[in-house]
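These notes concern the structure reproduced below.
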Amino acid sequence: MSYHFFFSSVPSSYIHSLECFISAKQEFLSQDNSTSCKNLSTVYDYQRKYVTALVKQLPSGTVYPSASRPVLIHPPTTIKAAPLRQGPFLLQPSPRILDGSEGGDATDITYLTFGTEDDDPEDDVRDTEHLGVVLVSYQDGKVDLFLDVEKVEARWDTKQVCSTPLI
């Protein structure tokens, strides 16, 4: 079996933020013992394992809170369950086709975040008042910009039905 690893450059602060986010969700669930929360617990456990594997890829000395720096990471292989496909997502308005182009495969994807100018890491407002933009470039030179208005969380095919939406 052959594995292909794809690397991404991700800000170290994003990985630390994911770690905090997962911890907060698990803490919230620990206060409720209903059946739906037990199903969510499985999803959150998978997310915890994934993020822990990402944290292990950070260079030594990369601690939170410290200055964020881009780090190369690859998708962890610690989780044996397959990622659950989410989507397709409706793009509105649909991307335009360039005249005389047959299209082409996407060659690069970038995620940018725009928010408040405040650099205070203790400011909780900064995390909620931002706009995510996905930039996709294609072989034929076309560039599409998409706004990230609905957050998607990692899920895996665990064959369990979860009736409660993620936080």
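Every chain in the structure tokens takes a letter, A first, then B, and so on in the order presented; its residues are numbered from 1, and the ligands are numbered from 1 following the presented order.
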
For region 13-25 of chain A, work out the shell of residues within 12 Å, counting only C-alpha atoms and skipping chain neighbours fewer than 5 positions away, then give it as number ranges by chain.
A: 30-32, 37, 40-58, 62-73, 111-113, 121, 124, 127, 153-154, 166-167

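Distances to Tyr138 (chain A) were evaluated for A:Gly87, A:Thr158, A:Leu98, A:Phe114 using only C-alpha atoms, and the minimum falls at A:Leu98.
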
Test item: residues at most 12 Å from Val133 (chain A), only C-alpha atoms, excluding those fewer than 5 positions along its chain, as a PDB file with N, CA and C atoms, in the first residue's frame:
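Below is the file that was written, around-v2.pdb:
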```
ATOM      1  N   ILE A 109      -4.310  26.400  -2.948  1.00  0.00           N
ATOM      2  CA  ILE A 109      -5.402  26.862  -2.101  1.00  0.00           C
ATOM      3  C   ILE A 109      -4.795  27.568  -0.896  1.00  0.00           C
ATOM      4  N   THR A 110      -5.369  28.698  -0.534  1.00  0.00           N
ATOM      5  CA  THR A 110      -4.876  29.489   0.589  1.00  0.00           C
ATOM      6  C   THR A 110      -6.061  29.913   1.433  1.00  0.00           C
ATOM      7  N   TYR A 111      -5.880  29.905   2.741  1.00  0.00           N
ATOM      8  CA  TYR A 111      -6.914  30.370   3.662  1.00  0.00           C
ATOM      9  C   TYR A 111      -6.385  31.600   4.375  1.00  0.00           C
ATOM     10  N   LEU A 112      -7.117  32.692   4.275  1.00  0.00           N
ATOM     11  CA  LEU A 112      -6.730  33.951   4.908  1.00  0.00           C
ATOM     12  C   LEU A 112      -7.804  34.351   5.903  1.00  0.00           C
ATOM     13  N   THR A 113      -7.383  35.003   6.979  1.00  0.00           N
ATOM     14  CA  THR A 113      -8.329  35.493   7.967  1.00  0.00           C
ATOM     15  C   THR A 113      -8.135  36.984   8.132  1.00  0.00           C
ATOM     16  N   PHE A 114      -9.220  37.699   8.069  1.00  0.00           N
ATOM     17  CA  PHE A 114      -9.205  39.138   8.279  1.00  0.00           C
ATOM     18  C   PHE A 114     -10.060  39.422   9.499  1.00  0.00           C
ATOM     19  N   GLY A 115      -9.572  40.288  10.364  1.00  0.00           N
ATOM     20  CA  GLY A 115     -10.340  40.585  11.563  1.00  0.00           C
ATOM     21  C   GLY A 115      -9.974  41.927  12.127  1.00  0.00           C
ATOM     22  N   ASP A 144     -10.373  32.007  -7.757  1.00  0.00           N
ATOM     23  CA  ASP A 144     -11.675  32.141  -7.114  1.00  0.00           C
ATOM     24  C   ASP A 144     -11.476  32.501  -5.651  1.00  0.00           C
ATOM     25  N   LEU A 145     -12.331  33.388  -5.151  1.00  0.00           N
ATOM     26  CA  LEU A 145     -12.335  33.773  -3.742  1.00  0.00           C
ATOM     27  C   LEU A 145     -13.656  33.326  -3.137  1.00  0.00           C
ATOM     28  N   PHE A 146     -13.590  32.656  -1.989  1.00  0.00           N
ATOM     29  CA  PHE A 146     -14.790  32.187  -1.305  1.00  0.00           C
ATOM     30  C   PHE A 146     -14.759  32.684   0.133  1.00  0.00           C
ATOM     31  N   LEU A 147     -15.910  33.119   0.638  1.00  0.00           N
ATOM     32  CA  LEU A 147     -16.011  33.559   2.028  1.00  0.00           C
ATOM     33  C   LEU A 147     -16.360  32.365   2.898  1.00  0.00           C
ATOM     34  N   ASP A 148     -15.678  32.224   4.015  1.00  0.00           N
ATOM     35  CA  ASP A 148     -15.908  31.134   4.953  1.00  0.00           C
ATOM     36  C   ASP A 148     -16.931  31.598   5.985  1.00  0.00           C
ATOM     37  N   VAL A 149     -18.210  31.416   5.672  1.00  0.00           N
ATOM     38  CA  VAL A 149     -19.262  31.927   6.541  1.00  0.00           C
ATOM     39  C   VAL A 149     -19.867  30.853   7.431  1.00  0.00           C
ATOM     40  N   GLU A 150     -19.718  29.580   7.080  1.00  0.00           N
ATOM     41  CA  GLU A 150     -20.236  28.497   7.908  1.00  0.00           C
ATOM     42  C   GLU A 150     -19.106  27.531   8.217  1.00  0.00           C
ATOM     43  N   LYS A 151     -18.777  27.411   9.485  1.00  0.00           N
ATOM     44  CA  LYS A 151     -17.643  26.583   9.886  1.00  0.00           C
ATOM     45  C   LYS A 151     -17.979  25.096   9.749  1.00  0.00           C
TER      46      LYS A 151
END
```

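CA of Leu90 (chain A) to CA of Ala106 (chain A) spans 17.4 Å [interatomic distance, one decimal].
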
Go ahead and compute the interatomic distance for CA of Arg85 (chain A) and CA of Ser8 (chain A), in Å to one decimal.
19.6 Å

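Minimum atom-to-atom distances from A:Gln139, A:Thr78, A:Ser12, A:Gln26 to Glu102 (chain A) were compared using only C-alpha atoms, and the lowest value belongs to A:Gln139.
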
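CA of Pro11 (chain A) is positioned 23.9 Å from CA of Trp156 (chain A).
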